[in-house]
file final-v8.pdb (PDB, C-alpha atoms and all ligand atoms)
ATOM      1  CA  MET A 228      37.907 -76.125 -76.234
ATOM      2  CA  ILE A 229      36.186 -79.490 -75.629
ATOM      3  CA  GLN A 230      35.165 -81.940 -78.328
ATOM      4  CA  CYS A 231      33.621 -85.381 -78.435
ATOM      5  CA  GLU A 232      33.190 -87.341 -81.630
ATOM      6  CA  ASN A 233      31.194 -90.539 -81.522
ATOM      7  CA  VAL A 234      32.518 -91.638 -78.111
ATOM      8  CA  TYR A 235      31.558 -95.096 -76.821
ATOM      9  CA  LYS A 236      32.299 -96.454 -73.362
ATOM     10  CA  SER A 237      31.455 -99.869 -71.908
ATOM     11  CA  PHE A 238      31.954-101.491 -68.552
ATOM     12  CA  GLY A 239      32.192-105.206 -69.317
ATOM     13  CA  ASP A 240      29.441-105.982 -71.784
ATOM     14  CA  ARG A 241      27.400-102.975 -70.689
ATOM     15  CA  THR A 242      27.565 -99.917 -72.932
ATOM     16  CA  VAL A 243      27.142 -96.798 -70.790
ATOM     17  CA  LEU A 244      27.949 -94.125 -73.393
ATOM     18  CA  SER A 245      26.848 -94.507 -77.025
ATOM     19  CA  GLY A 246      28.006 -92.199 -79.803
ATOM     20  CA  ILE A 247      28.521 -89.055 -77.707
ATOM     21  CA  HIS A 248      29.033 -86.096 -80.002
ATOM     22  CA  PHE A 249      29.328 -82.364 -79.217
ATOM     23  CA  SER A 250      31.751 -79.483 -79.105
ATOM     24  CA  ILE A 251      32.088 -76.577 -76.700
ATOM     25  CA  SER A 252      33.656 -73.284 -77.641
ATOM     26  CA  LYS A 253      35.650 -70.943 -75.440
ATOM     27  CA  GLY A 254      33.841 -69.039 -72.734
ATOM     28  CA  LYS A 255      30.663 -71.104 -72.881
ATOM     29  CA  ILE A 256      28.874 -73.083 -70.193
ATOM     30  CA  PHE A 257      27.836 -76.544 -71.364
ATOM     31  CA  GLY A 258      25.463 -78.571 -69.217
ATOM     32  CA  LEU A 259      25.041 -82.316 -69.348
ATOM     33  CA  LEU A 260      21.587 -82.962 -67.987
ATOM     34  CA  GLY A 261      20.399 -86.457 -67.176
ATOM     35  CA  PRO A 262      18.997 -88.693 -64.456
ATOM     36  CA  SER A 263      21.071 -90.820 -62.107
ATOM     37  CA  GLY A 264      23.015 -93.491 -63.984
ATOM     38  CA  ALA A 265      22.774 -91.709 -67.360
ATOM     39  CA  GLY A 266      26.572 -91.609 -67.722
ATOM     40  CA  LYS A 267      27.393 -88.007 -66.722
ATOM     41  CA  THR A 268      30.278 -88.745 -64.347
ATOM     42  CA  THR A 269      31.645 -91.346 -66.754
ATOM     43  CA  LEU A 270      31.852 -88.690 -69.475
ATOM     44  CA  ILE A 271      33.604 -86.211 -67.154
ATOM     45  CA  LYS A 272      36.115 -88.917 -66.227
ATOM     46  CA  ILE A 273      36.762 -89.568 -69.919
ATOM     47  CA  LEU A 274      37.202 -85.887 -70.728
ATOM     48  CA  THR A 275      39.607 -85.381 -67.839
ATOM     49  CA  GLY A 276      41.749 -88.379 -68.772
ATOM     50  CA  GLN A 277      40.722 -90.467 -65.745
ATOM     51  CA  LEU A 278      39.006 -93.187 -67.747
ATOM     52  CA  SER A 279      39.750 -94.830 -71.077
ATOM     53  CA  PHE A 280      37.107 -95.437 -73.743
ATOM     54  CA  GLU A 281      36.734 -97.855 -76.627
ATOM     55  CA  LYS A 282      35.714 -95.849 -79.622
ATOM     56  CA  GLY A 283      35.610 -92.279 -80.927
ATOM     57  CA  LYS A 284      37.619 -89.146 -80.245
ATOM     58  CA  ALA A 285      37.665 -86.882 -77.221
ATOM     59  CA  SER A 286      39.807 -83.779 -77.081
ATOM     60  CA  VAL A 287      40.344 -80.894 -74.726
ATOM     61  CA  LEU A 288      42.377 -77.795 -75.642
ATOM     62  CA  ASN A 289      42.735 -79.245 -79.149
ATOM     63  CA  ASN A 290      44.587 -82.285 -77.900
ATOM     64  CA  SER A 291      43.353 -85.833 -77.440
ATOM     65  CA  VAL A 292      42.442 -86.473 -73.786
ATOM     66  CA  GLN A 293      44.737 -89.510 -73.787
ATOM     67  CA  ASN A 294      47.758 -87.363 -74.668
ATOM     68  CA  LEU A 295      47.307 -84.250 -72.547
ATOM     69  CA  THR A 296      50.611 -82.678 -71.539
ATOM     70  CA  ASP A 297      51.299 -81.658 -67.930
ATOM     71  CA  GLU A 298      50.928 -78.036 -69.006
ATOM     72  CA  GLU A 299      47.485 -78.773 -70.511
ATOM     73  CA  LYS A 300      46.429 -80.720 -67.416
ATOM     74  CA  LYS A 301      47.333 -77.677 -65.326
ATOM     75  CA  ASN A 302      44.917 -75.678 -67.416
ATOM     76  CA  ILE A 303      41.996 -77.858 -66.318
ATOM     77  CA  GLY A 304      40.071 -77.595 -63.047
ATOM     78  CA  ILE A 305      38.001 -80.503 -61.764
ATOM     79  CA  MET A 306      35.344 -80.713 -59.106
ATOM     80  CA  MET A 307      33.820 -84.116 -58.480
ATOM     81  CA  ASP A 308      32.454 -85.996 -55.521
ATOM     82  CA  GLN A 309      35.170 -87.300 -53.194
ATOM     83  CA  PHE A 310      37.808 -85.752 -55.391
ATOM     84  CA  GLY A 311      40.759 -84.103 -53.722
ATOM     85  CA  VAL A 312      39.521 -83.262 -50.234
ATOM     86  CA  TYR A 313      41.582 -84.510 -47.274
ATOM     87  CA  ASP A 314      39.303 -84.708 -44.246
ATOM     88  CA  ARG A 315      41.981 -84.330 -41.585
ATOM     89  CA  LEU A 316      43.505 -81.215 -43.132
ATOM     90  CA  SER A 317      42.303 -77.634 -42.786
ATOM     91  CA  CYS A 318      40.901 -75.787 -45.809
ATOM     92  CA  THR A 319      44.177 -73.905 -46.174
ATOM     93  CA  ASP A 320      46.307 -77.052 -45.903
ATOM     94  CA  ASN A 321      44.066 -78.859 -48.393
ATOM     95  CA  LEU A 322      44.737 -76.118 -50.909
ATOM     96  CA  LYS A 323      48.467 -75.949 -50.089
ATOM     97  CA  ILE A 324      48.852 -79.465 -51.475
ATOM     98  CA  PHE A 325      47.297 -78.462 -54.782
ATOM     99  CA  ALA A 326      49.072 -75.117 -54.855
ATOM    100  CA  ASP A 327      52.373 -77.021 -54.738
ATOM    101  CA  ILE A 328      51.273 -79.474 -57.439
ATOM    102  CA  TYR A 329      50.183 -76.628 -59.705
ATOM    103  CA  SER A 330      53.082 -74.293 -58.774
ATOM    104  CA  VAL A 331      50.684 -71.676 -57.446
ATOM    105  CA  ALA A 332      51.978 -69.119 -54.934
ATOM    106  CA  HIS A 333      50.568 -69.708 -51.436
ATOM    107  CA  ASN A 334      49.114 -66.200 -51.190
ATOM    108  CA  VAL A 335      46.580 -67.235 -53.855
ATOM    109  CA  ILE A 336      45.098 -69.709 -51.362
ATOM    110  CA  GLN A 337      43.676 -66.969 -49.175
ATOM    111  CA  SER A 338      42.133 -65.028 -52.048
ATOM    112  CA  THR A 339      40.622 -68.219 -53.490
ATOM    113  CA  LEU A 340      39.087 -69.192 -50.144
ATOM    114  CA  GLU A 341      37.706 -65.671 -49.876
ATOM    115  CA  MET A 342      36.278 -65.901 -53.384
ATOM    116  CA  VAL A 343      34.295 -69.026 -52.477
ATOM    117  CA  GLY A 344      33.108 -67.588 -49.159
ATOM    118  CA  LEU A 345      35.337 -69.630 -46.838
ATOM    119  CA  LYS A 346      37.350 -66.737 -45.414
ATOM    120  CA  ASN A 347      36.230 -67.495 -41.869
ATOM    121  CA  ALA A 348      36.696 -71.246 -42.209
ATOM    122  CA  MET A 349      40.287 -71.257 -43.472
ATOM    123  CA  ASN A 350      41.590 -73.141 -40.451
ATOM    124  CA  MET A 351      38.681 -75.557 -40.059
ATOM    125  CA  LYS A 352      39.331 -79.207 -40.836
ATOM    126  CA  ALA A 353      37.549 -80.440 -43.926
ATOM    127  CA  MET A 354      35.769 -83.122 -41.866
ATOM    128  CA  ASP A 355      34.074 -80.387 -39.804
ATOM    129  CA  LEU A 356      32.684 -78.464 -42.780
ATOM    130  CA  SER A 357      28.977 -78.462 -43.630
ATOM    131  CA  LYS A 358      27.984 -79.887 -47.016
ATOM    132  CA  GLY A 359      27.749 -76.421 -48.555
ATOM    133  CA  MET A 360      31.140 -75.400 -47.139
ATOM    134  CA  ARG A 361      32.699 -78.616 -48.391
ATOM    135  CA  THR A 362      31.342 -77.907 -51.858
ATOM    136  CA  ARG A 363      32.888 -74.428 -51.649
ATOM    137  CA  LEU A 364      36.233 -76.003 -50.727
ATOM    138  CA  GLN A 365      35.979 -78.321 -53.725
ATOM    139  CA  LEU A 366      35.241 -75.316 -55.926
ATOM    140  CA  ALA A 367      38.234 -73.487 -54.449
ATOM    141  CA  ARG A 368      40.365 -76.465 -55.389
ATOM    142  CA  ALA A 369      39.030 -76.404 -58.949
ATOM    143  CA  PHE A 370      39.551 -72.617 -59.247
ATOM    144  CA  LEU A 371      42.910 -72.341 -57.410
ATOM    145  CA  HIS A 372      45.239 -72.485 -60.409
ATOM    146  CA  SER A 373      42.997 -70.275 -62.621
ATOM    147  CA  PRO A 374      42.369 -72.979 -65.233
ATOM    148  CA  SER A 375      40.761 -72.050 -68.527
ATOM    149  CA  ILE A 376      38.533 -75.155 -68.543
ATOM    150  CA  ILE A 377      36.555 -76.265 -65.520
ATOM    151  CA  PHE A 378      34.641 -79.530 -65.095
ATOM    152  CA  LEU A 379      32.011 -79.507 -62.369
ATOM    153  CA  ASP A 380      30.189 -82.739 -61.551
ATOM    154  CA  GLU A 381      26.856 -81.800 -59.939
ATOM    155  CA  PRO A 382      28.246 -78.679 -58.272
ATOM    156  CA  THR A 383      25.091 -77.917 -56.311
ATOM    157  CA  ALA A 384      23.633 -81.350 -55.564
ATOM    158  CA  GLY A 385      21.876 -81.398 -52.218
ATOM    159  CA  LEU A 386      22.504 -77.737 -51.384
ATOM    160  CA  ASP A 387      20.027 -75.174 -50.068
ATOM    161  CA  PRO A 388      18.718 -72.558 -52.530
ATOM    162  CA  LEU A 389      20.864 -69.726 -51.127
ATOM    163  CA  THR A 390      24.131 -71.662 -51.313
ATOM    164  CA  MET A 391      23.077 -72.866 -54.760
ATOM    165  CA  LYS A 392      22.565 -69.286 -55.890
ATOM    166  CA  SER A 393      25.931 -68.163 -54.607
ATOM    167  CA  ILE A 394      27.609 -71.080 -56.399
ATOM    168  CA  HIS A 395      25.759 -70.174 -59.591
ATOM    169  CA  LYS A 396      27.180 -66.683 -59.273
ATOM    170  CA  MET A 397      30.716 -68.035 -58.887
ATOM    171  CA  ILE A 398      30.251 -70.173 -61.998
ATOM    172  CA  LEU A 399      28.910 -67.225 -63.987
ATOM    173  CA  ASP A 400      31.817 -65.045 -62.751
ATOM    174  CA  LYS A 401      34.241 -67.687 -64.039
ATOM    175  CA  LYS A 402      32.485 -67.647 -67.398
ATOM    176  CA  GLU A 403      32.692 -63.857 -67.388
ATOM    177  CA  SER A 404      36.442 -64.106 -66.912
ATOM    178  CA  GLY A 405      36.707 -66.278 -70.032
ATOM    179  CA  CYS A 406      36.591 -69.820 -68.622
ATOM    180  CA  THR A 407      34.906 -72.642 -70.467
ATOM    181  CA  ILE A 408      32.747 -74.694 -68.137
ATOM    182  CA  PHE A 409      31.398 -78.218 -68.434
ATOM    183  CA  LEU A 410      28.915 -79.106 -65.742
ATOM    184  CA  THR A 411      26.577 -81.969 -65.021
ATOM    185  CA  THR A 412      23.295 -81.719 -63.200
ATOM    186  CA  HIS A 413      19.913 -83.298 -62.868
ATOM    187  CA  ASN A 414      18.444 -79.969 -61.940
ATOM    188  CA  MET A 415      16.772 -78.547 -65.036
ATOM    189  CA  GLU A 416      16.339 -75.099 -63.493
ATOM    190  CA  GLU A 417      20.070 -74.944 -62.881
ATOM    191  CA  ALA A 418      20.748 -75.992 -66.473
ATOM    192  CA  ALA A 419      18.327 -73.392 -67.838
ATOM    193  CA  ALA A 420      19.782 -70.635 -65.641
ATOM    194  CA  LEU A 421      23.466 -71.276 -66.321
ATOM    195  CA  CYS A 422      24.031 -73.043 -69.592
ATOM    196  CA  ASP A 423      24.527 -71.704 -73.109
ATOM    197  CA  THR A 424      24.040 -75.248 -74.374
ATOM    198  CA  VAL A 425      22.507 -78.272 -72.708
ATOM    199  CA  ALA A 426      22.727 -81.875 -73.800
ATOM    200  CA  LEU A 427      20.015 -84.196 -72.527
ATOM    201  CA  LEU A 428      21.616 -87.549 -71.693
ATOM    202  CA  ASN A 429      19.519 -90.657 -71.234
ATOM    203  CA  GLU A 430      21.004 -94.116 -70.788
ATOM    204  CA  GLY A 431      24.258 -93.047 -72.411
ATOM    205  CA  VAL A 432      22.679 -91.371 -75.428
ATOM    206  CA  ILE A 433      22.367 -87.627 -76.077
ATOM    207  CA  VAL A 434      18.703 -87.361 -77.046
ATOM    208  CA  GLU A 435      18.714 -83.601 -77.663
ATOM    209  CA  ILE A 436      21.231 -80.781 -77.626
ATOM    210  CA  GLY A 437      20.906 -77.009 -77.966
ATOM    211  CA  SER A 438      20.267 -73.799 -76.093
ATOM    212  CA  PRO A 439      17.758 -74.333 -73.279
ATOM    213  CA  LYS A 440      15.438 -71.628 -74.610
ATOM    214  CA  GLU A 441      15.436 -72.909 -78.186
ATOM    215  CA  MET A 442      14.891 -76.441 -76.970
ATOM    216  CA  CYS A 443      11.826 -75.427 -74.986
ATOM    217  CA  ARG A 444      10.469 -73.469 -77.959
ATOM    218  CA  LYS A 445      11.076 -76.411 -80.307
ATOM    219  CA  TYR A 446       8.978 -78.710 -78.124
ATOM    220  CA  ASN A 447       6.217 -76.172 -77.584
ATOM    221  CA  HIS A 448       3.644 -78.225 -79.493
ATOM    222  CA  HIS A 449       0.566 -77.068 -77.624
ATOM    223  CA  LYS A 450       0.852 -73.307 -77.828
ATOM    224  CA  THR A 451      -1.522 -71.832 -75.310
ATOM    225  CA  ILE A 452      -1.983 -68.720 -73.222
ATOM    226  CA  LYS A 453      -2.673 -69.172 -69.538
ATOM    227  CA  LEU A 454      -4.770 -66.638 -67.673
ATOM    228  CA  HIS A 455      -5.480 -66.286 -64.000
ATOM    229  CA  LEU A 456      -8.555 -64.161 -63.402
ATOM    230  CA  ILE A 457      -9.187 -61.858 -60.456
ATOM    231  CA  SER A 458     -12.159 -64.087 -59.633
ATOM    232  CA  GLY A 459      -9.674 -66.914 -58.968
ATOM    233  CA  GLU A 460     -10.569 -68.821 -62.142
ATOM    234  CA  ASP A 461      -7.796 -70.255 -64.347
ATOM    235  CA  MET A 462      -8.240 -70.269 -68.129
ATOM    236  CA  GLU A 463      -6.195 -71.701 -70.978
ATOM    237  CA  LEU A 464      -6.762 -70.353 -74.492
ATOM    238  CA  MET A 465      -5.180 -71.214 -77.822
ATOM    239  CA  HIS A 466      -2.194 -69.007 -78.697
ATOM    240  CA  GLY A 467      -3.710 -67.634 -81.904
ATOM    241  CA  LYS A 468      -6.010 -65.063 -83.403
ATOM    242  CA  GLU A 469      -9.025 -67.200 -82.483
ATOM    243  CA  SER A 470      -8.456 -66.117 -78.852
ATOM    244  CA  ALA A 471      -7.941 -62.402 -79.580
ATOM    245  CA  ASP A 472     -11.554 -61.288 -79.008
ATOM    246  CA  GLU A 473     -11.920 -63.191 -75.769
ATOM    247  CA  ILE A 474      -8.634 -61.867 -74.355
ATOM    248  CA  TYR A 475      -9.519 -58.349 -75.491
ATOM    249  CA  GLN A 476     -12.862 -58.511 -73.679
ATOM    250  CA  LEU A 477     -11.255 -59.868 -70.502
ATOM    251  CA  LEU A 478      -8.584 -57.155 -70.576
ATOM    252  CA  LYS A 479     -11.169 -54.462 -71.210
ATOM    253  CA  SER A 480     -13.296 -55.533 -68.284
ATOM    254  CA  GLU A 481     -10.165 -55.689 -66.057
ATOM    255  CA  CYS A 482     -10.752 -59.330 -65.135
ATOM    256  CA  ILE A 483      -7.209 -60.581 -65.644
ATOM    257  CA  GLU A 484      -4.717 -60.885 -62.808
ATOM    258  CA  THR A 485      -1.908 -62.674 -64.705
ATOM    259  CA  ILE A 486      -1.410 -63.767 -68.295
ATOM    260  CA  HIS A 487       1.441 -65.734 -69.829
ATOM    261  CA  SER A 488       2.183 -67.985 -72.758
ATOM    262  CA  SER A 489       2.886 -71.629 -71.968
ATOM    263  CA  GLU A 490       6.220 -73.165 -72.903
ATOM    264  CA  PRO A 491       7.484 -76.539 -71.770
ATOM    265  CA  ASN A 492      10.501 -76.584 -69.455
ATOM    266  CA  LEU A 493      13.498 -78.883 -69.858
ATOM    267  CA  GLU A 494      11.871 -81.421 -67.551
ATOM    268  CA  THR A 495       8.857 -81.691 -69.874
ATOM    269  CA  VAL A 496      11.099 -81.903 -72.938
ATOM    270  CA  PHE A 497      13.113 -84.686 -71.297
ATOM    271  CA  LEU A 498       9.925 -86.524 -70.344
ATOM    272  CA  GLU A 499       8.603 -86.238 -73.886
ATOM    273  CA  LEU A 500      11.831 -87.557 -75.407
ATOM    274  CA  THR A 501      12.514 -90.383 -72.969
ATOM    275  CA  GLY A 502       9.339 -91.109 -71.042
ATOM    276  CA  ARG A 503      11.456 -90.570 -67.903
ATOM    277  CA  LYS A 504      11.688 -87.853 -65.310
ATOM    278  CA  LEU A 505      15.031 -86.175 -64.698
ATOM    279  CA  GLN A 506      14.907 -86.331 -60.932
ATOM    280  CA  GLY A 507      13.308 -89.749 -60.411
ATOM    281  CA  ASP A 508       9.701 -90.380 -59.506
ATOM    282  CA  VAL A 509       9.747 -88.707 -56.103
TER     283      VAL A 509
HETATM  284  N1  LIG S 601      33.706 -98.336 -62.694
HETATM  285  C1  LIG S 601      32.528 -98.792 -63.097
HETATM  286  N2  LIG S 601      32.315-100.106 -63.308
HETATM  287  C2  LIG S 601      31.126-100.582 -63.748
HETATM  288  N3  LIG S 601      30.052 -99.798 -64.010
HETATM  289  C3  LIG S 601      30.197 -98.481 -63.828
HETATM  290  C4  LIG S 601      31.439 -97.896 -63.364
HETATM  291  N4  LIG S 601      31.284 -96.557 -63.289
HETATM  292  C5  LIG S 601      30.003 -96.301 -63.675
HETATM  293  N5  LIG S 601      29.366 -97.450 -64.014
HETATM  294  C6  LIG S 601      27.975 -97.550 -64.498
HETATM  295  O1  LIG S 601      27.824 -96.654 -65.585
HETATM  296  C7  LIG S 601      26.528 -96.048 -65.549
HETATM  297  C8  LIG S 601      26.690 -94.555 -65.579
HETATM  298  O2  LIG S 601      27.268 -94.135 -64.351
HETATM  299  P1  LIG S 601      27.617 -92.618 -64.033
HETATM  300  O3  LIG S 601      28.263 -92.583 -62.707
HETATM  301  O4  LIG S 601      28.372 -92.064 -65.177
HETATM  302  O5  LIG S 601      26.157 -91.991 -63.993
HETATM  303  P2  LIG S 601      25.727 -90.506 -63.600
HETATM  304  O6  LIG S 601      24.909 -89.992 -64.741
HETATM  305  O7  LIG S 601      26.910 -89.740 -63.178
HETATM  306  O8  LIG S 601      24.749 -90.756 -62.366
HETATM  307  P3  LIG S 601      24.535 -89.873 -61.007
HETATM  308  O9  LIG S 601      23.581 -88.764 -61.379
HETATM  309  O10 LIG S 601      23.895 -90.847 -60.063
HETATM  310  O11 LIG S 601      25.865 -89.392 -60.534
HETATM  311  C9  LIG S 601      25.850 -96.570 -64.282
HETATM  312  O12 LIG S 601      24.971 -97.590 -64.633
HETATM  313  C10 LIG S 601      26.985 -97.095 -63.446
HETATM  314  O13 LIG S 601      26.567 -98.174 -62.666
HETATM  315 MG    MG S 602      27.470 -88.834 -61.433
END
call {"tool": "encode", "arguments": {"input": "final-v8.pdb", "output": "structure tokens"}}
result
Amino acid sequence: MIQCENVYKSFGDRTVLSGIHFSISKGKIFGLLGPSGAGKTTLIKILTGQLSFEKGKASVLNNSVQNLTDEEKKNIGIMMDQFGVYDRLSCTDNLKIFADIYSVAHNVIQSTLEMVGLKNAMNMKAMDLSKGMRTRLQLARAFLHSPSIIFLDEPTAGLDPLTMKSIHKMILDKKESGCTIFLTTHNMEEAAALCDTVALLNEGVIVEIGSPKEMCRKYNHHKTIKLHLISGEDMELMHGKESADEIYQLLKSECIETIHSSEPNLETVFLELTGRKLQGDV
């Protein structure tokens, strides 16, 4: 559904995307994970035909992004910062504009606002919405015309955990209904929870790509088992037969409160590959 082959993008003499390469098949969630300035939004703009690029191939729905037909464009939903929300209009009127552009019947507006949890805010002006409600409105706009591909640029940035969870559910429901989803985030937990495939982007280069679980297993160099004892003591043992006797004795004497094997998370993998943290140094 979405393909990039060796895509390069520069602004002036500054290269911000270098040799981007991946493909996404139907019904999958692909996450582009990278710190601020990595090039995530730039890539979304390229894939949605908003920005040109110098080298390589980018296609969506089997057609080059530079030549998408109106019909194909109508099959794409986009949610990005500052994209398509008119502050002075109500939620309903905001969506009416897009319903008319996409030839969607107006009765779909109500059901879409309900789907994103804005049923009681239909008549509120966009400028009066909270950040979470505004994000929901942007999602409604991306979902309104039932596109088969949806691009979401940091769909949960700055939201509280509950709102984040409900947005995750909406994204997973869309996947369930057959949509292909491309999202960007610098939240590694979000990427691990939602994505079939993640690409780690650093300074315009994909440094690793794969399923989040496999990626964490691949970088699990220091295989250990972590134990928390009832006495309060923490222990870390090698994940091998050399630890079997000790663990057996601890289990037998009922000393263990919790036990789990250690695996790096995406944050640790990113740090190992780039020497940088995903979410800055704070
Ligand atoms: N129109 C532009 N002109 C010049 N430079 C740009 C332009 N758009 C983006 N850039 C630069 O390209 C780089 C990548 O920007 P981009 O917005 O794609 O990053 P990002 O990964 O989306 O970051 P964030 O997480 O902060 O949204 C940045 O260094 C940015 O300054
Ligand atoms: Mg961005």
call {"tool": "closest_residue", "arguments": {"input": "final-v8.pdb", "among": "A:Asp380, A:Asp314, A:Asp355, A:Glu435", "to": "ligand LIG 601 (chain S)", "atoms": "only C-alpha atoms and all ligand atoms"}}
result
A:Asp380
call {"tool": "residues_near_ligand", "arguments": {"input": "final-v8.pdb", "ligand": "ligand MG 602 (chain S)", "cutoff": "12 Å", "atoms": "all atoms listed in the file", "output": "short mmCIF file (atom, residue, chain, number, x, y, z; two decimals) with C-alpha atoms, keeping the file's coordinate frame"}}
result
data_model
loop_
_atom_site.label_atom_id
_atom_site.label_comp_id
_atom_site.auth_asym_id
_atom_site.auth_seq_id
_atom_site.Cartn_x
_atom_site.Cartn_y
_atom_site.Cartn_z
CA LEU A 259 25.04 -82.32 -69.35
CA LEU A 260 21.59 -82.96 -67.99
CA GLY A 261 20.40 -86.46 -67.18
CA PRO A 262 19.00 -88.69 -64.46
CA SER A 263 21.07 -90.82 -62.11
CA GLY A 264 23.02 -93.49 -63.98
CA ALA A 265 22.77 -91.71 -67.36
CA GLY A 266 26.57 -91.61 -67.72
CA LYS A 267 27.39 -88.01 -66.72
CA THR A 268 30.28 -88.74 -64.35
CA THR A 269 31.64 -91.35 -66.75
CA LEU A 270 31.85 -88.69 -69.47
CA ILE A 271 33.60 -86.21 -67.15
CA LYS A 272 36.12 -88.92 -66.23
CA MET A 306 35.34 -80.71 -59.11
CA MET A 307 33.82 -84.12 -58.48
CA ASP A 308 32.45 -86.00 -55.52
CA GLN A 309 35.17 -87.30 -53.19
CA LEU A 379 32.01 -79.51 -62.37
CA ASP A 380 30.19 -82.74 -61.55
CA GLU A 381 26.86 -81.80 -59.94
CA PRO A 382 28.25 -78.68 -58.27
CA ALA A 384 23.63 -81.35 -55.56
CA LEU A 410 28.92 -79.11 -65.74
CA THR A 411 26.58 -81.97 -65.02
CA THR A 412 23.30 -81.72 -63.20
CA HIS A 413 19.91 -83.30 -62.87
CA LEU A 428 21.62 -87.55 -71.69
#
call {"tool": "closest_residue", "arguments": {"input": "final-v8.pdb", "among": "A:Phe497, A:Phe370, A:Phe409, A:Phe280", "to": "A:Ser250", "atoms": "all atoms listed in the file"}}
result
A:Phe409
call {"tool": "residues_around", "arguments": {"input": "final-v8.pdb", "residues": "stretch 391-404 of chain A", "least_positions_apart": "4", "cutoff": "12 Å", "atoms": "all atoms listed in the file", "output": "number ranges by chain"}}
result
A: 252-257, 304, 339, 341-344, 358-360, 362-367, 369-371, 373-379, 381-387, 408-410, 414, 416-423
call {"tool": "residues_around", "arguments": {"input": "final-v8.pdb", "residues": "A:Phe325", "least_positions_apart": "6", "cutoff": "10 Å", "atoms": "all atoms listed in the file", "output": "ChimeraX atom specification"}}
result
/A:311,331,333,336,368-369,371-372
call {"tool": "resolve_selection", "arguments": {"input": "final-v8.pdb", "expression": "the PyMOL selection byres (((chain A and resi 243-248) around 12) and not hetatm)", "output": "MDAnalysis selection string"}}
result
chainID A and resid 229:242 249:251 259 264:271 273:274 280:286 426:436
call {"tool": "atom_distance", "arguments": {"input": "final-v8.pdb", "atom1": "atom CA of A:Ser317", "atom2": "atom CA of A:Ile305"}}
result
19.7 Å
call {"tool": "resolve_selection", "arguments": {"input": "final-v8.pdb", "expression": "the PyMOL selection byres (((chain A and resi 454-462) around 8) and not hetatm)", "output": "ChimeraX atom specification"}}
result
/A:452-453,463-464,482-487
call {"tool": "axis_aligned_box", "arguments": {"input": "final-v8.pdb", "around": "stretch 431-435 of chain A", "padding_each_side": "8 Å", "output": "JSON"}}
result
{"center_x": 21.5, "center_y": -88.3, "center_z": -75.0, "size_x": 21.6, "size_y": 25.4, "size_z": 21.3}
call {"tool": "atom_distance", "arguments": {"input": "final-v8.pdb", "atom1": "atom CA of A:Leu389", "atom2": "atom CA of A:Asn334"}}
result
28.5 Å
call {"tool": "residues_around", "arguments": {"input": "final-v8.pdb", "residues": "stretch 465-471 of chain A", "least_positions_apart": "4", "cutoff": "7 Å", "atoms": "only C-alpha atoms", "output": "ChimeraX atom specification"}}
result
/A:450-452,475
call {"tool": "closest_residue", "arguments": {"input": "final-v8.pdb", "among": "A:Asp320, A:Arg444, A:Ala326, A:Tyr313", "to": "A:Arg361", "atoms": "only C-alpha atoms"}}
result
A:Tyr313
call {"tool": "closest_residue", "arguments": {"input": "final-v8.pdb", "among": "A:Leu322, A:Gly502, A:Pro491, A:Ser330", "to": "A:Glu298", "atoms": "all atoms listed in the file"}}
result
A:Ser330
call {"tool": "atom_distance", "arguments": {"input": "final-v8.pdb", "atom1": "atom CA of A:Leu500", "atom2": "atom C1 of ligand LIG 601 (chain S)"}}
result
26.6 Å
call {"tool": "closest_residue", "arguments": {"input": "final-v8.pdb", "among": "A:Lys504, A:Lys301, A:Ser279, A:Leu498", "to": "A:Ile328", "atoms": "all atoms listed in the file"}}
result
A:Lys301
call {"tool": "closest_residue", "arguments": {"input": "final-v8.pdb", "among": "A:Gly258, A:Asn302, A:Asp472, A:His449", "to": "A:Val425", "atoms": "only C-alpha atoms"}}
result
A:Gly258
